[in-house]
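So this one's query.pdb, PDB, C-alpha atoms:
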```pdb
ATOM      1  CA  MET B   1     -58.686 -89.880 131.590
ATOM      2  CA  VAL B   2     -61.142 -90.102 134.501
ATOM      3  CA  SER B   3     -61.733 -93.819 133.941
ATOM      4  CA  GLU B   4     -57.979 -94.414 133.994
ATOM      5  CA  ALA B   5     -57.711 -92.526 137.296
ATOM      6  CA  VAL B   6     -60.468 -94.730 138.759
ATOM      7  CA  ARG B   7     -58.649 -97.862 137.526
ATOM      8  CA  ASN B   8     -55.445 -96.592 139.151
ATOM      9  CA  LEU B   9     -57.281 -96.049 142.424
ATOM     10  CA  ARG B  10     -58.773 -99.534 142.192
ATOM     11  CA  THR B  11     -55.318-100.996 141.573
ATOM     12  CA  SER B  12     -53.922 -99.157 144.605
ATOM     13  CA  ILE B  13     -56.712-100.605 146.740
ATOM     14  CA  LEU B  14     -56.188-104.131 145.428
ATOM     15  CA  MET B  15     -52.432-103.918 146.009
ATOM     16  CA  SER B  16     -52.538-102.029 149.335
ATOM     17  CA  ASN B  17     -51.772-105.153 151.334
ATOM     18  CA  PRO B  18     -52.635-108.357 149.499
ATOM     19  CA  ASN B  19     -52.043-110.474 152.613
ATOM     20  CA  GLN B  20     -54.712-108.693 154.638
ATOM     21  CA  ASP B  21     -58.437-108.655 154.066
ATOM     22  CA  LYS B  22     -59.297-105.060 153.095
ATOM     23  CA  LYS B  23     -63.015-105.068 152.453
ATOM     24  CA  VAL B  24     -64.447-101.866 153.920
ATOM     25  CA  ILE B  25     -63.328 -98.693 152.170
ATOM     26  CA  MET B  26     -64.483 -95.265 153.319
ATOM     27  CA  LEU B  27     -64.222 -92.285 150.995
ATOM     28  CA  THR B  28     -64.331 -88.840 152.542
ATOM     29  CA  SER B  29     -63.201 -85.279 151.913
ATOM     30  CA  SER B  30     -62.618 -82.084 153.849
ATOM     31  CA  ILE B  31     -65.656 -80.159 152.672
ATOM     32  CA  PRO B  32     -68.769 -80.752 150.531
ATOM     33  CA  LYS B  33     -68.665 -80.875 146.737
ATOM     34  CA  GLU B  34     -65.187 -82.319 146.298
ATOM     35  CA  GLY B  35     -66.420 -85.224 144.146
ATOM     36  CA  LYS B  36     -66.366 -88.076 146.641
ATOM     37  CA  THR B  37     -69.854 -89.357 145.860
ATOM     38  CA  ILE B  38     -69.220 -89.485 142.098
ATOM     39  CA  LEU B  39     -65.852 -91.156 142.734
ATOM     40  CA  THR B  40     -67.429 -93.710 145.094
ATOM     41  CA  TYR B  41     -70.029 -94.667 142.487
ATOM     42  CA  ALA B  42     -67.412 -94.796 139.704
ATOM     43  CA  LEU B  43     -65.157 -96.995 141.825
ATOM     44  CA  ALA B  44     -68.065 -99.340 142.627
ATOM     45  CA  GLN B  45     -68.932 -99.688 138.930
ATOM     46  CA  ASN B  46     -65.281-100.270 138.085
ATOM     47  CA  MET B  47     -64.917-102.997 140.730
ATOM     48  CA  VAL B  48     -68.066-104.747 139.490
ATOM     49  CA  GLY B  49     -66.189-105.146 136.210
ATOM     50  CA  LEU B  50     -63.745-107.425 138.062
ATOM     51  CA  ASP B  51     -66.632-109.758 138.966
ATOM     52  CA  LYS B  52     -66.510-108.583 142.576
ATOM     53  CA  ARG B  53     -69.583-108.448 144.789
ATOM     54  CA  ILE B  54     -69.845-104.758 145.673
ATOM     55  CA  LEU B  55     -71.961-102.866 148.195
ATOM     56  CA  LEU B  56     -72.058 -99.079 148.223
ATOM     57  CA  ILE B  57     -73.269 -97.469 151.439
ATOM     58  CA  GLU B  58     -74.502 -93.899 151.311
ATOM     59  CA  ALA B  59     -73.517 -92.882 154.844
ATOM     60  CA  ASP B  60     -74.174 -89.158 154.502
ATOM     61  CA  ILE B  61     -77.600 -89.454 156.109
ATOM     62  CA  ARG B  62     -77.798 -85.730 156.819
ATOM     63  CA  ARG B  63     -77.780 -84.824 153.124
ATOM     64  CA  ARG B  64     -81.184 -84.020 151.694
ATOM     65  CA  VAL B  65     -80.175 -83.837 148.019
ATOM     66  CA  HIS B  66     -78.346 -86.681 146.295
ATOM     67  CA  SER B  67     -75.768 -85.915 143.615
ATOM     68  CA  VAL B  68     -76.234 -89.307 141.952
ATOM     69  CA  LYS B  69     -79.705 -89.674 140.529
ATOM     70  CA  ILE B  70     -81.132 -93.187 140.723
ATOM     71  CA  ASP B  71     -84.615 -94.558 141.214
ATOM     72  CA  ARG B  72     -84.747 -94.737 145.006
ATOM     73  CA  ASN B  73     -88.285 -96.115 145.206
ATOM     74  CA  ASN B  74     -87.186 -99.742 145.516
ATOM     75  CA  THR B  75     -83.875 -99.315 147.326
ATOM     76  CA  VAL B  76     -82.951-100.504 150.800
ATOM     77  CA  ALA B  77     -82.257 -97.777 153.346
ATOM     78  CA  LEU B  78     -79.139 -98.019 155.503
ATOM     79  CA  LEU B  79     -81.122 -96.813 158.530
ATOM     80  CA  ASP B  80     -83.707 -99.594 158.148
ATOM     81  CA  LEU B  81     -80.941-102.142 158.680
ATOM     82  CA  MET B  82     -79.141-100.172 161.399
ATOM     83  CA  MET B  83     -82.340 -99.642 163.371
ATOM     84  CA  GLY B  84     -83.461-103.259 162.986
ATOM     85  CA  HIS B  85     -86.591-102.393 160.983
ATOM     86  CA  LYS B  86     -85.382-104.888 158.360
ATOM     87  CA  GLU B  87     -82.937-107.779 158.377
ATOM     88  CA  PHE B  88     -80.218-107.979 155.740
ATOM     89  CA  LYS B  89     -81.128-111.583 154.934
ATOM     90  CA  ASP B  90     -84.643-110.427 154.023
ATOM     91  CA  VAL B  91     -83.764-107.610 151.599
ATOM     92  CA  ASN B  92     -82.343-107.320 148.110
ATOM     93  CA  PRO B  93     -80.210-104.168 147.834
ATOM     94  CA  PHE B  94     -79.305-104.764 144.163
ATOM     95  CA  VAL B  95     -79.942-101.722 141.934
ATOM     96  CA  GLU B  96     -80.163-102.938 138.362
ATOM     97  CA  GLU B  97     -79.430 -99.576 136.761
ATOM     98  CA  LEU B  98     -76.095 -99.477 138.643
ATOM     99  CA  GLY B  99     -75.142-103.151 138.527
ATOM    100  CA  PHE B 100     -74.277-103.382 142.233
ATOM    101  CA  ASP B 101     -75.894-103.363 145.673
ATOM    102  CA  ILE B 102     -76.541-100.129 147.516
ATOM    103  CA  LEU B 103     -77.825 -99.067 150.909
ATOM    104  CA  THR B 104     -79.268 -95.618 150.426
ATOM    105  CA  ALA B 105     -79.173 -92.651 152.750
ATOM    106  CA  THR B 106     -82.434 -91.499 154.251
ATOM    107  CA  SER B 107     -82.944 -88.806 156.805
ATOM    108  CA  SER B 108     -83.657 -89.586 160.430
ATOM    109  CA  ASP B 109     -84.774 -87.809 163.573
ATOM    110  CA  MET B 110     -81.863 -89.452 165.376
ATOM    111  CA  ASN B 111     -78.486 -87.759 165.477
ATOM    112  CA  ALA B 112     -76.279 -89.279 162.757
ATOM    113  CA  ALA B 113     -73.137 -89.187 164.907
ATOM    114  CA  ASP B 114     -74.962 -91.068 167.668
ATOM    115  CA  LEU B 115     -76.019 -93.734 165.180
ATOM    116  CA  PHE B 116     -72.481 -94.256 163.861
ATOM    117  CA  ALA B 117     -71.029 -94.151 167.396
ATOM    118  CA  SER B 118     -73.395 -96.886 168.560
ATOM    119  CA  GLU B 119     -72.726-100.599 168.145
ATOM    120  CA  ARG B 120     -75.326-100.765 165.374
ATOM    121  CA  PHE B 121     -73.044 -99.727 162.532
ATOM    122  CA  PRO B 122     -70.040-101.978 163.350
ATOM    123  CA  LYS B 123     -72.436-104.879 163.958
ATOM    124  CA  LEU B 124     -74.059-104.327 160.564
ATOM    125  CA  LEU B 125     -70.634-104.092 158.881
ATOM    126  CA  THR B 126     -69.634-107.423 160.415
ATOM    127  CA  GLU B 127     -72.663-109.042 158.808
ATOM    128  CA  LEU B 128     -72.103-107.289 155.479
ATOM    129  CA  ARG B 129     -68.429-108.326 155.316
ATOM    130  CA  GLU B 130     -69.591-111.937 154.982
ATOM    131  CA  ASN B 131     -71.574-111.135 151.834
ATOM    132  CA  TYR B 132     -69.357-108.773 149.813
ATOM    133  CA  ASP B 133     -65.893-108.598 148.337
ATOM    134  CA  TYR B 134     -65.837-104.824 148.871
ATOM    135  CA  ILE B 135     -67.988-102.358 150.790
ATOM    136  CA  LEU B 136     -67.537 -98.746 149.681
ATOM    137  CA  ILE B 137     -68.784 -96.120 152.119
ATOM    138  CA  ASP B 138     -69.585 -92.628 150.853
ATOM    139  CA  SER B 139     -69.230 -90.637 154.069
ATOM    140  CA  PRO B 140     -69.954 -86.994 154.837
ATOM    141  CA  PRO B 141     -67.099 -84.473 154.728
ATOM    142  CA  ILE B 142     -64.885 -84.829 157.773
ATOM    143  CA  LEU B 143     -64.708 -81.122 158.642
ATOM    144  CA  SER B 144     -68.494 -80.739 158.583
ATOM    145  CA  VAL B 145     -69.639 -83.434 161.012
ATOM    146  CA  PRO B 146     -68.034 -86.185 163.155
ATOM    147  CA  ASP B 147     -69.594 -89.065 161.193
ATOM    148  CA  ALA B 148     -66.580 -89.700 158.931
ATOM    149  CA  ARG B 149     -64.245 -90.028 161.908
ATOM    150  CA  LEU B 150     -66.544 -92.599 163.475
ATOM    151  CA  ILE B 151     -66.867 -94.526 160.210
ATOM    152  CA  SER B 152     -63.110 -94.436 159.581
ATOM    153  CA  ALA B 153     -62.532 -96.247 162.862
ATOM    154  CA  VAL B 154     -64.328 -99.349 161.515
ATOM    155  CA  SER B 155     -63.053 -99.109 157.931
ATOM    156  CA  ASP B 156     -60.082-101.033 156.567
ATOM    157  CA  ILE B 157     -58.998 -98.316 154.134
ATOM    158  CA  ASN B 158     -59.763 -94.594 154.183
ATOM    159  CA  ILE B 159     -59.524 -92.612 150.971
ATOM    160  CA  TYR B 160     -59.322 -88.842 151.237
ATOM    161  CA  ILE B 161     -60.575 -86.867 148.229
ATOM    162  CA  VAL B 162     -59.266 -83.368 147.588
ATOM    163  CA  LYS B 163     -60.609 -81.029 144.920
ATOM    164  CA  TRP B 164     -57.779 -79.316 143.091
ATOM    165  CA  ASN B 165     -57.696 -75.522 143.563
ATOM    166  CA  LYS B 166     -60.673 -75.588 145.916
ATOM    167  CA  THR B 167     -59.648 -77.289 149.132
ATOM    168  CA  THR B 168     -56.969 -75.489 151.083
ATOM    169  CA  ARG B 169     -53.865 -77.162 152.449
ATOM    170  CA  ALA B 170     -55.046 -76.229 155.969
ATOM    171  CA  GLN B 171     -58.375 -78.019 155.402
ATOM    172  CA  VAL B 172     -56.626 -81.143 154.129
ATOM    173  CA  GLU B 173     -54.169 -81.182 157.024
ATOM    174  CA  GLN B 174     -56.942 -80.641 159.555
ATOM    175  CA  GLY B 175     -59.047 -83.442 158.055
ATOM    176  CA  LEU B 176     -56.159 -85.898 157.882
ATOM    177  CA  ASN B 177     -55.219 -85.073 161.467
ATOM    178  CA  MET B 178     -58.792 -85.768 162.540
ATOM    179  CA  ILE B 179     -58.692 -89.219 160.940
ATOM    180  CA  SER B 180     -55.257 -90.099 162.288
ATOM    181  CA  SER B 181     -56.167 -88.886 165.788
ATOM    182  CA  ILE B 182     -58.502 -91.831 166.219
ATOM    183  CA  ARG B 183     -55.836 -94.259 165.032
ATOM    184  CA  ALA B 184     -57.686 -95.070 161.836
ATOM    185  CA  PRO B 185     -56.371 -97.824 159.573
ATOM    186  CA  LYS B 186     -53.660 -97.132 157.001
ATOM    187  CA  GLN B 187     -54.630 -94.619 154.355
ATOM    188  CA  LEU B 188     -53.812 -94.791 150.671
ATOM    189  CA  ASP B 189     -51.864 -91.815 149.349
TER
END
```

As structure tokens:
Amino acid sequence: MVSEAVRNLRTSILMSNPNQDKKVIMLTSSIPKEGKTILTYALAQNMVGLDKRILLIEADIRRRVHSVKIDRNNTVALLDLMMGHKEFKDVNPFVEELGFDILTATSSDMNAADLFASERFPKLLTELRENYDYILIDSPPILSVPDARLISAVSDINIYIVKWNKTTRAQVEQGLNMISSIRAPKQLD
């Protein structure tokens, strides 16, 4: 049942506007623990099955505990590329146990909102767009911090995850209003 829901989401993304290039997809939610990280990983694995080149970006760089357990010893950190410590052409972000590329979240002394508000993130996305069919961004919850709003402004599609019987209608409305207030791209329903 869950795999069918992920396939339906994938189909909605693929059919959202076939005449436009929709490569960068942000997934967010109102509050923590609504399942967006698991869904982002499941969607990435599903899209790999279509022989698509997929990059997953863990953009919740404030989070100290990761809900998806992978061997992070040999992964490429998003912040290393954003800060210019490494060049994309010089790294291999492929994670064999997942079957797709990933830029992992690591903590920083810099304010996350300042990083995403700078030109560094859009500039990096421009470079990454040339190398991937789809870039899935696992963002922080929109009601917690401003990062998701900043990321949504440079995304092609924004997907809003809601946990049944947990997230209130008011939280969903507030979060959706926050995204639409910055004139974010069309959202999938």

At a cut-off of 7 Å around the point (-63.3, -83.5, 154.5) (file coordinates), what residues fall inside when counting all atoms listed in the file? I'd like the answer as a tab-separated table (two decimals) with C-alpha atoms, in the frame of the given file.
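Output below, filename point38.tsv:
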```tsv
chain	number	residue	atom	x	y	z
B	28	THR	CA	-64.33	-88.84	152.54
B	29	SER	CA	-63.20	-85.28	151.91
B	30	SER	CA	-62.62	-82.08	153.85
B	31	ILE	CA	-65.66	-80.16	152.67
B	141	PRO	CA	-67.10	-84.47	154.73
B	142	ILE	CA	-64.89	-84.83	157.77
B	143	LEU	CA	-64.71	-81.12	158.64
B	175	GLY	CA	-59.05	-83.44	158.06
```

Exercise. Determine, counting all atoms listed in the file, which protein, DNA and RNA residues have an atom within 10 Å of an atom of Arg10 of chain B; residues of the same chain fewer than 3 positions away are not included. Present the result as a PyMOL selection string.
Key: chain B and resi 4-7+13-16+43-44+46-47

Quiz prompt | Ser144 of chain B environment, 12 Å, only C-alpha atoms, sequence neighbours closer than 4 positions dropped, as a ChimeraX atom specification | solution = /B:28-33,60,62-63,113,139-140,148-149,171,174-175,178

Quiz prompt | Answer key for the PyMOL selection byres ((chain B and resi 158) around 7), residues as a PyMOL selection string | solution = chain B and resi 25-27+152+155-157+159-160+187-188

Quiz item: How far is it from atom CA of Ile57 of chain B to atom CA of Glu119 of chain B, in Å with one decimal?
Solution: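 Interatomic distance, atom CA of Ile57 of chain B to atom CA of Glu119 of chain B: 17.0 Å.
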
Quiz item: Can you list what the PyMOL selection byres ((chain B and resi 128) around 12) grabs from this structure, as number ranges by chain?
Solution: B: 23-24, 53-57, 78, 81-82, 87-89, 93, 101-103, 121-127, 129-136

Pull C-alpha atoms from the residues just selected and write them as a PDB file, keeping the file's coordinate frame.
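The file below, selection.pdb, is the result:
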```pdb
ATOM      1  CA  LYS B  23     -63.015-105.068 152.453  1.00  0.00           C
ATOM      2  CA  VAL B  24     -64.447-101.866 153.920  1.00  0.00           C
ATOM      3  CA  ARG B  53     -69.583-108.448 144.789  1.00  0.00           C
ATOM      4  CA  ILE B  54     -69.845-104.758 145.673  1.00  0.00           C
ATOM      5  CA  LEU B  55     -71.961-102.866 148.195  1.00  0.00           C
ATOM      6  CA  LEU B  56     -72.058 -99.079 148.223  1.00  0.00           C
ATOM      7  CA  ILE B  57     -73.269 -97.469 151.439  1.00  0.00           C
ATOM      8  CA  LEU B  78     -79.139 -98.019 155.503  1.00  0.00           C
ATOM      9  CA  LEU B  81     -80.941-102.142 158.680  1.00  0.00           C
ATOM     10  CA  MET B  82     -79.141-100.172 161.399  1.00  0.00           C
ATOM     11  CA  GLU B  87     -82.937-107.779 158.377  1.00  0.00           C
ATOM     12  CA  PHE B  88     -80.218-107.979 155.740  1.00  0.00           C
ATOM     13  CA  LYS B  89     -81.128-111.583 154.934  1.00  0.00           C
ATOM     14  CA  PRO B  93     -80.210-104.168 147.834  1.00  0.00           C
ATOM     15  CA  ASP B 101     -75.894-103.363 145.673  1.00  0.00           C
ATOM     16  CA  ILE B 102     -76.541-100.129 147.516  1.00  0.00           C
ATOM     17  CA  LEU B 103     -77.825 -99.067 150.909  1.00  0.00           C
ATOM     18  CA  PHE B 121     -73.044 -99.727 162.532  1.00  0.00           C
ATOM     19  CA  PRO B 122     -70.040-101.978 163.350  1.00  0.00           C
ATOM     20  CA  LYS B 123     -72.436-104.879 163.958  1.00  0.00           C
ATOM     21  CA  LEU B 124     -74.059-104.327 160.564  1.00  0.00           C
ATOM     22  CA  LEU B 125     -70.634-104.092 158.881  1.00  0.00           C
ATOM     23  CA  THR B 126     -69.634-107.423 160.415  1.00  0.00           C
ATOM     24  CA  GLU B 127     -72.663-109.042 158.808  1.00  0.00           C
ATOM     25  CA  ARG B 129     -68.429-108.326 155.316  1.00  0.00           C
ATOM     26  CA  GLU B 130     -69.591-111.937 154.982  1.00  0.00           C
ATOM     27  CA  ASN B 131     -71.574-111.135 151.834  1.00  0.00           C
ATOM     28  CA  TYR B 132     -69.357-108.773 149.813  1.00  0.00           C
ATOM     29  CA  ASP B 133     -65.893-108.598 148.337  1.00  0.00           C
ATOM     30  CA  TYR B 134     -65.837-104.824 148.871  1.00  0.00           C
ATOM     31  CA  ILE B 135     -67.988-102.358 150.790  1.00  0.00           C
ATOM     32  CA  LEU B 136     -67.537 -98.746 149.681  1.00  0.00           C
TER      33      LEU B 136
END
```

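In this comparison, which uses all atoms listed in the file, the residue of B:Thr104, B:Asn92, B:Thr40, B:Thr11 approaching Glu58 of chain B most closely is B:Thr104.
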
Exercise. Find the residues around Val95 of chain B up to 10 Å (only C-alpha atoms counted), leave out those fewer than 4 positions away in its own chain, and share them as a PyMOL selection string.
Key: chain B and resi 70-72+74-76+99-103

For C-alpha atoms, I'd like the residues from the last selection saved as an mmCIF file, in the coordinates of the input.
```cif
data_model
loop_
_atom_site.group_PDB
_atom_site.id
_atom_site.type_symbol
_atom_site.label_atom_id
_atom_site.label_comp_id
_atom_site.auth_asym_id
_atom_site.auth_seq_id
_atom_site.Cartn_x
_atom_site.Cartn_y
_atom_site.Cartn_z
ATOM 1 C CA ILE B 70 -81.132 -93.187 140.723
ATOM 2 C CA ASP B 71 -84.615 -94.558 141.214
ATOM 3 C CA ARG B 72 -84.747 -94.737 145.006
ATOM 4 C CA ASN B 74 -87.186 -99.742 145.516
ATOM 5 C CA THR B 75 -83.875 -99.315 147.326
ATOM 6 C CA VAL B 76 -82.951 -100.504 150.800
ATOM 7 C CA GLY B 99 -75.142 -103.151 138.527
ATOM 8 C CA PHE B 100 -74.277 -103.382 142.233
ATOM 9 C CA ASP B 101 -75.894 -103.363 145.673
ATOM 10 C CA ILE B 102 -76.541 -100.129 147.516
ATOM 11 C CA LEU B 103 -77.825 -99.067 150.909
#
```

Quiz item: Expressed in Å to a single decimal, how great is the separation between atom CA of Ala59 of chain B and atom CA of Ala42 of chain B?
Solution: 16.4 Å

Exercise. Could you tell me how far atom CA of Leu115 of chain B lies from atom CA of Val91 of chain B, in Å and to one decimal?
Key: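 These atoms are spaced 20.9 Å apart.
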
Quiz item: So, counting all atoms listed in the file, which residue among B:Arg120, B:Lys166, B:Lys22, B:Lys36 is closest to Asp80 of chain B?
Solution: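 Once distances to Asp80 of chain B are computed over all atoms listed in the file, the minimum belongs to B:Arg120.
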
Quiz item: Which is closer to Val145 of chain B than all the others in B:Leu176, B:Ala117, B:Ala112, B:Leu79, using all atoms listed in the file?
Solution: B:Ala112

Self-check item: Given all atoms listed in the file as the counted atoms, nearest of B:His85, B:Leu98, B:Asn111, B:Asp138 to Val48 of chain B
Solution: B:Leu98

Practice problem: Choose the residue, out of B:Ala77, B:Leu9, B:Val172, B:Met110, that has the smallest atom-to-atom separation from Glu34 of chain B; count only C-alpha atoms. | Solution: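 For Glu34 of chain B, the nearest of the given residues is B:Val172.
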
Quiz prompt | Residue with smallest distance to Ala153 of chain B - pool B:Asp109, B:Asn165, B:Ala170, B:Ser180, counting only C-alpha atoms | solution = B:Ser180

Since the input lacks some atoms of segment 34-65 of chain B, please model N, CA and C atoms and print them as a short mmCIF file (atom, residue, chain, number, x, y, z; two decimals), in the frame of the given file.
```cif
data_model
loop_
_atom_site.label_atom_id
_atom_site.label_comp_id
_atom_site.auth_asym_id
_atom_site.auth_seq_id
_atom_site.Cartn_x
_atom_site.Cartn_y
_atom_site.Cartn_z
N GLU B 34 -66.53 -82.03 146.78
CA GLU B 34 -65.19 -82.32 146.30
C GLU B 34 -65.17 -83.52 145.35
N GLY B 35 -66.33 -84.13 145.11
CA GLY B 35 -66.42 -85.22 144.15
C GLY B 35 -66.37 -86.62 144.73
N LYS B 36 -66.51 -86.75 146.05
CA LYS B 36 -66.37 -88.08 146.64
C LYS B 36 -67.53 -89.01 146.30
N THR B 37 -68.72 -88.50 146.19
CA THR B 37 -69.85 -89.36 145.86
C THR B 37 -69.72 -89.90 144.44
N ILE B 38 -69.41 -89.04 143.49
CA ILE B 38 -69.22 -89.48 142.10
C ILE B 38 -68.08 -90.50 142.03
N LEU B 39 -66.98 -90.23 142.74
CA LEU B 39 -65.85 -91.16 142.73
C LEU B 39 -66.23 -92.49 143.37
N THR B 40 -67.00 -92.47 144.44
CA THR B 40 -67.43 -93.71 145.09
C THR B 40 -68.26 -94.56 144.15
N TYR B 41 -69.20 -93.94 143.45
CA TYR B 41 -70.03 -94.67 142.49
C TYR B 41 -69.19 -95.19 141.32
N ALA B 42 -68.27 -94.38 140.82
CA ALA B 42 -67.41 -94.80 139.70
C ALA B 42 -66.52 -95.96 140.12
N LEU B 43 -65.99 -95.92 141.33
CA LEU B 43 -65.16 -97.00 141.82
C LEU B 43 -65.97 -98.28 141.98
N ALA B 44 -67.19 -98.17 142.49
CA ALA B 44 -68.06 -99.34 142.63
C ALA B 44 -68.33 -99.97 141.26
N GLN B 45 -68.67 -99.15 140.27
CA GLN B 45 -68.93 -99.69 138.93
C GLN B 45 -67.68 -100.32 138.34
N ASN B 46 -66.52 -99.73 138.59
CA ASN B 46 -65.28 -100.27 138.08
C ASN B 46 -64.98 -101.62 138.72
N MET B 47 -65.20 -101.75 140.02
CA MET B 47 -64.92 -103.00 140.73
C MET B 47 -65.88 -104.11 140.34
N VAL B 48 -67.11 -103.76 139.98
CA VAL B 48 -68.07 -104.75 139.49
C VAL B 48 -67.51 -105.39 138.22
N GLY B 49 -66.80 -104.62 137.43
CA GLY B 49 -66.19 -105.15 136.21
C GLY B 49 -65.16 -106.23 136.47
N LEU B 50 -64.69 -106.36 137.69
CA LEU B 50 -63.74 -107.42 138.06
C LEU B 50 -64.47 -108.65 138.61
N ASP B 51 -65.79 -108.68 138.42
CA ASP B 51 -66.63 -109.76 138.97
C ASP B 51 -66.56 -109.83 140.48
N LYS B 52 -66.50 -108.67 141.12
CA LYS B 52 -66.51 -108.58 142.58
C LYS B 52 -67.92 -108.25 143.04
N ARG B 53 -68.28 -108.78 144.18
CA ARG B 53 -69.58 -108.45 144.79
C ARG B 53 -69.37 -107.17 145.59
N ILE B 54 -70.06 -106.11 145.15
CA ILE B 54 -69.84 -104.76 145.67
C ILE B 54 -71.11 -104.25 146.36
N LEU B 55 -70.90 -103.59 147.51
CA LEU B 55 -71.96 -102.87 148.20
C LEU B 55 -71.50 -101.43 148.37
N LEU B 56 -72.32 -100.50 147.97
CA LEU B 56 -72.06 -99.08 148.22
C LEU B 56 -73.01 -98.62 149.32
N ILE B 57 -72.46 -98.00 150.34
CA ILE B 57 -73.27 -97.47 151.44
C ILE B 57 -73.23 -95.95 151.38
N GLU B 58 -74.39 -95.35 151.22
CA GLU B 58 -74.50 -93.90 151.31
C GLU B 58 -74.62 -93.56 152.80
N ALA B 59 -73.52 -93.12 153.40
CA ALA B 59 -73.52 -92.88 154.84
C ALA B 59 -73.72 -91.42 155.21
N ASP B 60 -73.91 -90.57 154.21
CA ASP B 60 -74.17 -89.16 154.50
C ASP B 60 -75.68 -89.00 154.70
N ILE B 61 -76.15 -89.42 155.88
CA ILE B 61 -77.60 -89.45 156.11
C ILE B 61 -78.17 -88.09 156.49
N ARG B 62 -77.32 -87.09 156.57
CA ARG B 62 -77.80 -85.73 156.82
C ARG B 62 -78.16 -85.01 155.53
N ARG B 63 -77.60 -85.50 154.41
CA ARG B 63 -77.78 -84.82 153.12
C ARG B 63 -79.21 -85.01 152.63
N ARG B 64 -79.81 -83.96 152.18
CA ARG B 64 -81.18 -84.02 151.69
C ARG B 64 -81.26 -84.16 150.17
N VAL B 65 -80.20 -83.77 149.48
CA VAL B 65 -80.18 -83.84 148.02
C VAL B 65 -79.04 -84.78 147.63
#
```
